[in-house]
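A.B. asks: Sharing structure_12.txt, compact mmCIF, C-alpha atoms:
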# COMPACT_ATOMS: atom_id res chain seq x y z
CA MET A 1 -21.61 14.46 -21.29
CA ALA A 2 -23.57 15.18 -18.12
CA VAL A 3 -25.17 12.42 -16.10
CA ARG A 4 -27.70 13.32 -13.46
CA PHE A 5 -29.51 11.80 -10.50
CA ASP A 6 -33.03 12.92 -9.66
CA ALA A 7 -31.97 12.96 -6.02
CA MET A 8 -28.48 13.46 -4.73
CA ASP A 9 -26.52 13.02 -1.53
CA THR A 10 -27.53 16.26 0.19
CA GLN A 11 -26.32 15.07 3.59
CA HIS A 12 -22.69 14.70 2.58
CA THR A 13 -22.27 17.05 -0.36
CA GLY A 14 -24.41 19.91 0.88
CA THR A 15 -25.13 20.92 -2.72
CA GLY A 16 -28.75 19.92 -3.22
CA ALA A 17 -30.50 17.77 -5.79
CA SER A 18 -29.98 17.06 -9.52
CA GLU A 19 -26.27 17.82 -9.67
CA ASP A 20 -23.97 16.67 -12.44
CA LEU A 21 -21.80 13.69 -11.60
CA PRO A 22 -18.04 13.55 -12.29
CA ASN A 23 -17.66 12.07 -15.75
CA ASN A 24 -14.76 11.35 -18.14
CA TRP A 25 -16.77 9.91 -21.05
CA GLY A 26 -15.13 11.20 -24.22
CA ARG A 27 -12.21 12.87 -22.42
CA TRP A 28 -9.67 10.45 -23.91
CA GLY A 29 -11.71 9.36 -26.92
CA GLU A 30 -14.71 7.16 -27.63
CA ASP A 31 -12.62 3.97 -27.74
CA ASP A 32 -10.61 4.59 -24.56
CA GLU A 33 -10.21 1.64 -22.19
CA ARG A 34 -7.63 3.05 -19.74
CA GLY A 35 -9.75 5.70 -18.06
CA THR A 36 -7.91 7.59 -15.34
CA LEU A 37 -4.76 5.55 -15.96
CA ASN A 38 -4.26 8.10 -18.75
CA LEU A 39 -3.35 10.54 -15.96
CA ILE A 40 -0.22 8.50 -15.22
CA THR A 41 2.22 10.49 -17.32
CA GLY A 42 5.96 9.97 -17.53
CA GLU A 43 6.30 12.67 -14.92
CA ALA A 44 3.90 10.84 -12.58
CA ARG A 45 5.85 7.57 -12.99
CA ALA A 46 9.13 9.36 -12.34
CA ARG A 47 7.62 10.92 -9.22
CA GLY A 48 6.76 7.45 -8.03
CA ALA A 49 10.14 5.99 -8.93
CA ALA A 50 11.83 8.73 -6.89
CA GLU A 51 10.08 7.39 -3.79
CA ALA A 52 11.84 3.99 -4.11
CA ARG A 53 14.92 4.90 -2.05
CA THR A 54 15.65 1.87 0.14
CA GLY A 55 14.15 -1.04 -1.80
CA ARG A 56 11.88 -2.05 1.08
CA THR A 57 8.64 -3.58 -0.22
CA VAL A 58 5.19 -4.16 1.23
CA SER A 59 2.45 -6.29 -0.35
CA LEU A 60 -1.08 -4.89 -0.41
CA ALA A 61 -2.69 -8.27 -1.15
CA LEU A 62 -4.70 -10.41 1.20
CA PRO A 63 -3.32 -13.95 1.62
CA ILE A 64 -5.60 -16.64 0.20
CA ARG A 65 -5.79 -20.26 1.28
CA PRO A 66 -7.54 -22.25 -1.47
CA ALA A 67 -10.38 -24.63 -0.68
CA PRO A 68 -10.90 -27.98 -2.40
CA LEU A 69 -12.93 -27.70 -5.57
CA ILE A 70 -15.56 -29.97 -4.08
CA SER A 71 -16.81 -26.99 -2.06
CA GLY A 72 -18.08 -25.46 -5.29
CA PRO A 73 -17.52 -22.11 -7.00
CA PHE A 74 -20.88 -20.75 -5.83
CA ALA A 75 -20.36 -21.11 -2.10
CA PRO A 76 -21.74 -18.14 -0.13
CA ALA A 77 -19.32 -15.21 0.16
CA THR A 78 -18.87 -15.63 3.90
CA GLN A 79 -15.65 -15.32 5.86
CA ASP A 80 -15.21 -19.10 5.57
CA ALA A 81 -15.54 -19.22 1.75
CA SER A 82 -12.32 -19.03 -0.25
CA PRO A 83 -12.20 -17.06 -3.51
CA VAL A 84 -9.96 -19.79 -4.98
CA GLN A 85 -11.15 -23.37 -5.53
CA GLN A 86 -8.34 -25.85 -6.12
CA LEU A 87 -8.24 -29.27 -7.77
CA MET A 88 -5.03 -31.29 -7.50
CA VAL A 89 -4.43 -32.91 -10.87
CA TYR A 90 -1.63 -35.21 -9.72
CA VAL A 91 -0.85 -36.35 -6.21
CA GLY A 92 0.96 -39.34 -4.79
CA SER A 93 4.46 -40.70 -4.47
CA PRO A 94 6.73 -41.22 -6.26
CA ALA A 95 5.87 -38.35 -8.61
CA PRO A 96 8.04 -36.35 -11.04
CA ALA A 97 5.93 -33.22 -10.45
CA THR A 98 2.64 -32.02 -9.06
CA ALA A 99 0.04 -29.78 -10.67
CA ASP A 100 -3.31 -28.27 -9.91
CA VAL A 101 -6.22 -26.40 -11.49
CA MET A 102 -7.70 -23.25 -9.95
CA LEU A 103 -11.16 -21.77 -10.25
CA VAL A 104 -10.98 -18.11 -9.19
CA THR A 105 -13.91 -15.88 -8.25
CA ASN A 106 -12.45 -12.58 -9.39
CA HIS A 107 -14.73 -10.21 -7.47
CA HIS A 108 -14.73 -12.06 -4.15
CA PRO A 109 -14.53 -9.80 -1.04
CA ARG A 110 -11.64 -11.83 0.37
CA SER A 111 -9.51 -11.56 -2.76
CA THR A 112 -7.46 -8.46 -3.54
CA HIS A 113 -8.50 -7.79 -7.12
CA LEU A 114 -8.44 -5.10 -9.79
CA ASP A 115 -11.80 -4.15 -11.33
CA ALA A 116 -11.75 -3.53 -15.07
CA LEU A 117 -13.83 -0.66 -16.45
CA GLY A 118 -16.37 -3.03 -17.97
CA HIS A 119 -17.23 -4.46 -14.55
CA THR A 120 -20.12 -2.11 -13.76
CA ILE A 121 -22.89 -0.88 -16.03
CA ARG A 122 -24.41 2.60 -16.06
CA ASP A 123 -27.74 3.06 -17.87
CA GLY A 124 -27.00 0.08 -20.11
CA ARG A 125 -23.49 1.29 -20.96
CA VAL A 126 -19.94 0.80 -19.76
CA TYR A 127 -17.11 3.34 -19.82
CA PRO A 128 -16.87 5.46 -21.93
CA GLY A 129 -20.45 5.00 -23.13
CA ARG A 130 -20.26 1.68 -24.99
CA PRO A 131 -23.50 -0.37 -25.02
CA VAL A 132 -23.00 -3.24 -22.62
CA ASP A 133 -24.19 -5.81 -25.19
CA GLU A 134 -21.27 -4.79 -27.42
CA ALA A 135 -18.73 -4.56 -24.61
CA VAL A 136 -19.44 -7.73 -22.63
CA THR A 137 -20.53 -11.06 -24.13
CA PRO A 138 -20.85 -14.63 -22.85
CA ALA A 139 -17.46 -15.25 -24.48
CA GLY A 140 -15.80 -12.50 -22.45
CA ALA A 141 -15.40 -8.74 -22.30
CA ARG A 142 -14.53 -7.11 -25.62
CA HIS A 143 -14.21 -3.57 -24.31
CA GLY A 144 -13.19 -2.29 -20.90
CA SER A 145 -11.53 -5.57 -19.98
CA THR A 146 -8.34 -6.54 -18.18
CA ALA A 147 -6.54 -6.23 -21.53
CA ALA A 148 -6.08 -2.55 -20.65
CA TYR A 149 -3.78 -3.56 -17.77
CA ALA A 150 -1.46 -5.76 -19.85
CA ALA A 151 1.50 -3.40 -19.43
CA GLY A 152 0.99 -3.14 -15.68
CA ILE A 153 0.62 0.00 -13.59
CA ALA A 154 3.37 2.01 -11.93
CA THR A 155 2.96 5.40 -10.30
CA ARG A 156 3.33 7.19 -7.01
CA GLY A 157 1.04 5.85 -4.30
CA ILE A 158 -0.24 7.97 -1.42
CA LEU A 159 -1.63 6.33 1.70
CA LEU A 160 -4.27 8.35 3.54
CA ASP A 161 -4.63 6.56 6.86
CA LEU A 162 -8.08 7.48 8.16
CA ALA A 163 -7.76 4.88 10.93
CA ALA A 164 -4.57 6.18 12.55
CA ASP A 165 -6.47 6.65 15.82
CA GLY A 166 -8.60 3.52 15.43
CA PRO A 167 -11.12 2.13 12.91
CA LEU A 168 -13.64 4.55 11.47
CA PRO A 169 -17.03 4.50 13.18
CA SER A 170 -19.70 2.17 11.87
CA GLY A 171 -21.61 3.79 9.01
CA HIS A 172 -19.17 6.69 8.65
CA ALA A 173 -19.32 8.42 5.27
CA VAL A 174 -15.80 9.36 4.14
CA THR A 175 -15.68 12.88 2.68
CA ALA A 176 -13.16 15.25 1.13
CA ARG A 177 -12.66 16.73 4.58
CA ASP A 178 -11.41 13.35 5.87
CA PHE A 179 -8.89 13.10 3.02
CA GLU A 180 -7.58 16.63 3.44
CA ALA A 181 -7.29 16.26 7.21
CA ALA A 182 -5.19 13.11 6.65
CA GLU A 183 -2.99 14.94 4.13
CA GLU A 184 -2.34 17.73 6.63
CA ARG A 185 -1.69 15.29 9.47
CA GLN A 186 0.72 13.19 7.40
CA GLY A 187 2.46 16.06 5.60
CA VAL A 188 1.67 14.80 2.10
CA ARG A 189 -0.41 15.96 -0.87
CA LEU A 190 -1.88 13.80 -3.60
CA GLU A 191 -1.21 15.05 -7.14
CA SER A 192 -2.73 14.22 -10.52
CA GLY A 193 -1.70 10.76 -11.68
CA ASP A 194 -1.08 9.44 -8.16
CA ALA A 195 -2.77 6.31 -6.84
CA LEU A 196 -4.87 6.78 -3.71
CA VAL A 197 -4.61 4.10 -1.02
CA VAL A 198 -7.07 4.42 1.87
CA ARG A 199 -7.10 2.72 5.26
CA CYS A 200 -10.35 2.72 7.20
CA GLY A 201 -9.48 -0.09 9.62
CA TRP A 202 -12.29 -2.44 8.51
CA PRO A 203 -12.35 -5.78 6.69
CA MET A 204 -13.96 -5.83 3.25
CA THR A 205 -16.29 -8.73 4.12
CA PRO A 206 -19.69 -7.27 5.12
CA ASP A 207 -20.95 -7.88 8.65
CA PRO A 208 -24.78 -7.68 8.80
CA ASP A 209 -24.60 -6.59 12.43
CA ARG A 210 -22.23 -3.65 11.82
CA PRO A 211 -22.90 -1.16 9.00
CA MET A 212 -19.59 -0.48 7.24
CA PRO A 213 -18.10 2.93 6.67
CA GLY A 214 -17.37 3.80 3.06
CA MET A 215 -16.80 6.43 0.42
CA SER A 216 -19.39 9.15 -0.13
CA LEU A 217 -20.11 10.90 -3.41
CA ASP A 218 -18.25 13.88 -1.96
CA ALA A 219 -15.13 11.70 -1.63
CA VAL A 220 -15.50 10.57 -5.26
CA ARG A 221 -15.81 14.17 -6.40
CA TRP A 222 -12.55 14.92 -4.56
CA MET A 223 -10.81 12.04 -6.35
CA HIS A 224 -12.00 13.51 -9.66
CA ARG A 225 -10.78 17.02 -8.82
CA ARG A 226 -7.39 15.78 -7.66
CA GLY A 227 -6.81 13.47 -10.63
CA VAL A 228 -6.61 10.15 -8.79
CA SER A 229 -5.49 7.49 -11.28
CA LEU A 230 -6.21 4.37 -9.23
CA TYR A 231 -8.04 3.62 -5.97
CA ALA A 232 -7.08 0.91 -3.48
CA GLY A 233 -8.45 0.45 0.02
CA ASP A 234 -9.28 -1.99 2.76
CA ILE A 235 -12.87 -0.98 2.08
CA GLY A 236 -14.50 1.16 -0.59
CA ASP A 237 -18.28 1.30 -0.93
CA ALA A 238 -20.23 0.76 2.26
CA HIS A 239 -22.62 -2.13 2.86
CA PRO A 240 -25.44 -1.36 3.43
CA ASP A 241 -25.53 1.78 1.31
CA LEU A 242 -24.84 5.04 3.11
CA ASP A 243 -27.23 6.94 0.85
CA PRO A 244 -29.95 5.12 -1.13
CA ALA A 245 -30.16 8.10 -3.52
CA CYS A 246 -26.56 7.48 -4.62
CA PRO A 247 -25.61 3.89 -3.78
CA LEU A 248 -22.09 2.54 -4.25
CA PRO A 249 -20.46 5.76 -5.50
CA LEU A 250 -17.13 4.05 -6.21
CA HIS A 251 -18.66 1.25 -8.27
CA ARG A 252 -21.60 3.22 -9.71
CA VAL A 253 -19.91 6.58 -10.39
CA ALA A 254 -16.11 6.42 -10.19
CA LEU A 255 -15.68 3.17 -12.15
CA PRO A 256 -18.24 3.50 -14.98
CA LEU A 257 -18.34 7.29 -15.37
CA MET A 258 -14.86 8.49 -14.38
CA GLY A 259 -13.11 5.34 -15.62
CA LEU A 260 -11.31 4.97 -12.28
CA PRO A 261 -9.91 1.42 -11.83
CA LEU A 262 -10.52 0.03 -8.35
CA ILE A 263 -8.42 -2.36 -6.30
CA ASP A 264 -10.88 -3.94 -3.90
CA ALA A 265 -10.01 -5.66 -0.62
CA ALA A 266 -6.47 -4.33 -0.31
CA GLU A 267 -4.42 -5.29 2.76
CA VAL A 268 -3.11 -1.97 4.09
CA ASP A 269 -2.33 -2.54 7.79
CA GLU A 270 1.32 -3.43 7.19
CA LEU A 271 1.63 -0.54 4.74
CA ALA A 272 0.31 1.87 7.38
CA ALA A 273 2.76 0.51 9.95
CA VAL A 274 5.73 0.93 7.60
CA CYS A 275 4.62 4.44 6.61
CA ALA A 276 4.36 5.43 10.28
CA GLU A 277 7.78 3.88 11.02
CA LEU A 278 9.47 5.71 8.14
CA GLY A 279 7.53 8.91 8.63
CA ARG A 280 6.50 9.12 4.97
CA TYR A 281 3.28 8.19 3.23
CA ALA A 282 4.37 8.25 -0.41
CA PHE A 283 5.89 5.29 -2.26
CA LEU A 284 6.23 3.68 -5.66
CA LEU A 285 3.13 1.56 -6.28
CA THR A 286 3.39 -1.24 -8.85
CA VAL A 287 0.56 -3.47 -10.02
CA ALA A 288 1.36 -6.28 -12.47
CA PRO A 289 -1.75 -8.40 -13.09
CA PRO A 290 -1.51 -11.60 -15.14
CA ARG A 291 -1.93 -10.90 -18.86
CA ILE A 292 -5.32 -12.55 -19.18
CA HIS A 293 -7.52 -10.59 -21.57
CA GLY A 294 -11.31 -10.42 -21.68
CA LEU A 295 -11.95 -10.44 -17.93
CA THR A 296 -13.92 -7.91 -15.87
CA GLY A 297 -11.49 -8.25 -12.97
CA VAL A 298 -8.35 -10.10 -11.94
CA PRO A 299 -6.53 -10.90 -8.68
CA VAL A 300 -3.47 -8.73 -8.12
CA ASN A 301 -0.58 -8.41 -5.68
CA PRO A 302 0.15 -4.65 -5.52
CA LEU A 303 3.59 -3.75 -4.16
CA ALA A 304 4.57 -0.56 -2.36
CA VAL A 305 8.28 0.15 -2.75
CA PHE A 306 10.02 2.58 -0.38
Kindly transcribe the structure held in the file into structure tokens.
C.D. replies:
Amino acid sequence: MAVRFDAMDTQHTGTGASEDLPNNWGRWGEDDERGTLNLITGEARARGAAEARTGRTVSLALPIRPAPLISGPFAPATQDASPVQQLMVYVGSPAPATADVMLVTNHHPRSTHLDALGHTIRDGRVYPGRPVDEAVTPAGARHGSTAAYAAGIATRGILLDLAADGPLPSGHAVTARDFEAAEERQGVRLESGDALVVRCGWPMTPDPDRPMPGMSLDAVRWMHRRGVSLYAGDIGDAHPDLDPACPLPLHRVALPLMGLPLIDAAEVDELAAVCAELGRYAFLLTVAPPRIHGLTGVPVNPLAVF
């Protein structure tokens, strides 16, 4: 199935208007909910496992300090708003135990979270072409939900550190050329089934005074050609949009059309430091989200194992 824009990103792709977008609808069947995770074969997992040589681990999750529930779940998504609201059910002394209740905003920019394929809608449909009214209901997501991640994810991860010499410039559009230059500089090559981890040197939380860098459609095309199974990065789509003709290419093309799961708001500074120290940018990446079905996203604590 071909999906087209009337106007395309001519500045960064150099290919003109009305071009077909990368699309995996129907590639793994009409009922598929795993998307590009299907590219993680036994060989890809073994390739990742072979990178776990010393047992050293690095978390790719941002730390979260909960706020009292009284602040409300709909507080503005500013740097001072926590993605987790907490209510202590039992406090005091003496007490045999303590307990609390959490209200989690799954797609908060200060929470490292995994987007399910039903998170974004394309022309009234979610991957791989299911009508959104059938896939997502007020009672929860029935198709393209976090149920697809119940067995966890394990594959080789490749860090492409685009900020090795400092944060990317404001408003920079990441392209295939940036990725390939990083591969050459780091002596690594991403293969089909690998997870791509990107460091741009920016926080995920938008700053209205500084336009963010972000992925271009050209970068998404490269991910499709290379067979990226999972994306994680300190940032992803730029805010404001880099190209109004193709806004949010990760969330509007890669996720709903390619079926590429996204880990938003990853913490990658420590990972980059360890990779530079060890002189290698490949590792075993494991992601084990809680087995909560019917969600469009879920907080995760990805681990890189060296």
A.B. asks: Point out the residue among A:Trp202, A:Asp123, A:Leu248, A:Asp194 with the least atom-to-atom distance to A:Met215, counting only C-alpha atoms.
C.D. replies: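 Under the stated criterion, the closest residue is A:Leu248.
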A.B. asks: Find, counting only C-alpha atoms, the residue in A:Asn38, A:Asn301, A:Gln186, A:Thr296 that gets nearest to A:Leu278.
C.D. replies: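 Counting only C-alpha atoms, the residue closest to A:Leu278 is A:Gln186.
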A.B. asks: From the set A:Gly166, A:Pro256, A:Pro203, A:Pro249, which residue has the shortest atom-to-atom contact distance to A:Gly233, counting only C-alpha atoms?
C.D. replies: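 That would be A:Pro203, the residue with the smallest distance to A:Gly233.
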A.B. asks: Taking (-17.0, 7.5, -22.0) as a centre in this file's frame and 8 Å as the limit, can you find every polymer residue with an atom that close, using all atoms listed in the file, and give them as a ChimeraX atom specification?
C.D. replies: /A:23-27,29-30,32,126-130,257-259
A.B. asks: Ranking A:Cys200, A:Leu39, A:Ala139, A:Val305 by minimum distance to A:Tyr281 and counting only C-alpha atoms, which one comes first?
C.D. replies: A:Val305
A.B. asks: Quick one: residues within 9 Å of stretch 217-219 of chain A, all atoms listed in the file, excluding same-chain residues fewer than 4 positions away - as an MDAnalysis selection string?
C.D. replies: chainID A and resid 8:9 12:13 21 173:179 223:224 246:250 253
A.B. asks: When distances are computed from all atoms listed in the file, which of A:Pro299, A:Gly35, A:Gly157, A:Gly294 shows the smallest separation from A:Ala52?
C.D. replies: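 Of A:Pro299, A:Gly35, A:Gly157, A:Gly294, the one nearest A:Ala52 is A:Gly157, counting all atoms listed in the file.
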A.B. asks: Just checking: using all atoms listed in the file, which residue out of A:Gly171, A:Gly193, A:Pro63, A:Gly124 ends up closest to A:Glu43?
C.D. replies: A:Gly193
A.B. asks: One decimal, Å: what's the distance from atom CA of A:Val300 over to atom CA of A:Ala154, could you say?
C.D. replies: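 One can read the atom CA of A:Val300 to atom CA of A:Ala154 distance as 13.3 Å.
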A.B. asks: Would you work out the distance separating atom CA of A:Ala304 from atom CA of A:Pro211, expressed in Å to one decimal?
C.D. replies: 29.7 Å
A.B. asks: If I take atom CA of A:Arg156 and atom CA of A:Gly144, how far is one from the other in Å, to one decimal?
C.D. replies: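 Computed distance, atom CA of A:Arg156 to atom CA of A:Gly144, equals 23.6 Å.
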A.B. asks: Got a sec: who's within 12 Å of A:Phe283, counting all atoms listed in the file, leaving out chain neighbours fewer than 2 positions off, as a compact mmCIF listing (two decimals) with C-alpha atoms, keeping the file's coordinate frame?
C.D. replies:
# COMPACT_ATOMS: atom_id res chain seq x y z
CA ALA A 44 3.90 10.84 -12.58
CA ARG A 45 5.85 7.57 -12.99
CA ALA A 46 9.13 9.36 -12.34
CA ARG A 47 7.62 10.92 -9.22
CA GLY A 48 6.76 7.45 -8.03
CA ALA A 49 10.14 5.99 -8.93
CA ALA A 50 11.83 8.73 -6.89
CA GLU A 51 10.08 7.39 -3.79
CA ALA A 52 11.84 3.99 -4.11
CA ARG A 53 14.92 4.90 -2.05
CA THR A 54 15.65 1.87 0.14
CA GLY A 55 14.15 -1.04 -1.80
CA ARG A 56 11.88 -2.05 1.08
CA THR A 57 8.64 -3.58 -0.22
CA VAL A 58 5.19 -4.16 1.23
CA ALA A 154 3.37 2.01 -11.93
CA THR A 155 2.96 5.40 -10.30
CA ARG A 156 3.33 7.19 -7.01
CA GLY A 157 1.04 5.85 -4.30
CA ILE A 158 -0.24 7.97 -1.42
CA LEU A 159 -1.63 6.33 1.70
CA VAL A 188 1.67 14.80 2.10
CA LEU A 190 -1.88 13.80 -3.60
CA ASP A 194 -1.08 9.44 -8.16
CA ALA A 195 -2.77 6.31 -6.84
CA LEU A 196 -4.87 6.78 -3.71
CA VAL A 197 -4.61 4.10 -1.02
CA LEU A 271 1.63 -0.54 4.74
CA ALA A 272 0.31 1.87 7.38
CA VAL A 274 5.73 0.93 7.60
CA CYS A 275 4.62 4.44 6.61
CA LEU A 278 9.47 5.71 8.14
CA GLY A 279 7.53 8.91 8.63
CA ARG A 280 6.50 9.12 4.97
CA TYR A 281 3.28 8.19 3.23
CA LEU A 285 3.13 1.56 -6.28
CA THR A 286 3.39 -1.24 -8.85
CA PRO A 302 0.15 -4.65 -5.52
CA LEU A 303 3.59 -3.75 -4.16
CA ALA A 304 4.57 -0.56 -2.36
CA VAL A 305 8.28 0.15 -2.75
CA PHE A 306 10.02 2.58 -0.38
A.B. asks: Taking the partial coordinates given, rebuild stretch 135-144 of chain A to contain all heavy atoms; return it as a tab-separated table (two decimals), in the coordinates of the input.
C.D. replies:
chain	number	residue	atom	x	y	z
A	135	ALA	N	-19.97	-4.54	-25.40
A	135	ALA	CA	-18.73	-4.56	-24.61
A	135	ALA	C	-18.51	-5.89	-23.91
A	135	ALA	O	-17.36	-6.36	-23.80
A	135	ALA	CB	-18.74	-3.43	-23.59
A	136	VAL	N	-19.58	-6.51	-23.42
A	136	VAL	CA	-19.44	-7.73	-22.63
A	136	VAL	C	-20.36	-8.80	-23.20
A	136	VAL	O	-21.57	-8.57	-23.36
A	136	VAL	CB	-19.78	-7.49	-21.14
A	136	VAL	CG1	-19.55	-8.75	-20.33
A	136	VAL	CG2	-18.94	-6.34	-20.57
A	137	THR	N	-19.78	-9.95	-23.53
A	137	THR	CA	-20.53	-11.06	-24.13
A	137	THR	C	-20.31	-12.32	-23.31
A	137	THR	O	-19.41	-12.36	-22.46
A	137	THR	CB	-20.06	-11.31	-25.58
A	137	THR	OG1	-18.76	-11.94	-25.54
A	137	THR	CG2	-19.96	-10.00	-26.35
A	138	PRO	N	-21.09	-13.37	-23.55
A	138	PRO	CA	-20.85	-14.63	-22.85
A	138	PRO	C	-19.45	-15.20	-23.09
A	138	PRO	O	-18.95	-15.98	-22.28
A	138	PRO	CB	-21.93	-15.56	-23.42
A	138	PRO	CG	-23.03	-14.64	-23.84
A	138	PRO	CD	-22.34	-13.41	-24.35
A	139	ALA	N	-18.81	-14.77	-24.18
A	139	ALA	CA	-17.46	-15.25	-24.48
A	139	ALA	C	-16.38	-14.41	-23.81
A	139	ALA	O	-15.19	-14.70	-23.94
A	139	ALA	CB	-17.24	-15.28	-25.99
A	140	GLY	N	-16.77	-13.35	-23.12
A	140	GLY	CA	-15.80	-12.50	-22.45
A	140	GLY	C	-16.02	-11.04	-22.77
A	140	GLY	O	-16.85	-10.68	-23.62
A	141	ALA	N	-15.29	-10.19	-22.09
A	141	ALA	CA	-15.40	-8.74	-22.30
A	141	ALA	C	-14.58	-8.33	-23.52
A	141	ALA	O	-13.40	-8.67	-23.63
A	141	ALA	CB	-14.93	-8.00	-21.06
A	142	ARG	N	-15.20	-7.59	-24.42
A	142	ARG	CA	-14.53	-7.11	-25.62
A	142	ARG	C	-14.04	-5.68	-25.49
A	142	ARG	O	-13.19	-5.23	-26.25
A	142	ARG	CB	-15.48	-7.22	-26.82
A	142	ARG	CG	-15.87	-8.64	-27.16
A	142	ARG	CD	-16.86	-8.67	-28.31
A	142	ARG	NE	-17.18	-10.03	-28.71
A	142	ARG	CZ	-18.11	-10.34	-29.60
A	142	ARG	NH1	-18.80	-9.37	-30.20
A	142	ARG	NH2	-18.35	-11.60	-29.92
A	143	HIS	N	-14.61	-4.95	-24.56
A	143	HIS	CA	-14.21	-3.57	-24.31
A	143	HIS	C	-14.23	-3.33	-22.81
A	143	HIS	O	-15.09	-3.82	-22.10
A	143	HIS	CB	-15.17	-2.59	-25.01
A	143	HIS	CG	-14.82	-1.14	-24.77
A	143	HIS	ND1	-13.94	-0.46	-25.57
A	143	HIS	CD2	-15.21	-0.28	-23.80
A	143	HIS	CE1	-13.81	0.78	-25.11
A	143	HIS	NE2	-14.58	0.91	-24.04
A	144	GLY	N	-13.25	-2.57	-22.33
A	144	GLY	CA	-13.19	-2.29	-20.90
A	144	GLY	C	-12.78	-3.49	-20.08
A	144	GLY	O	-13.20	-3.65	-18.93
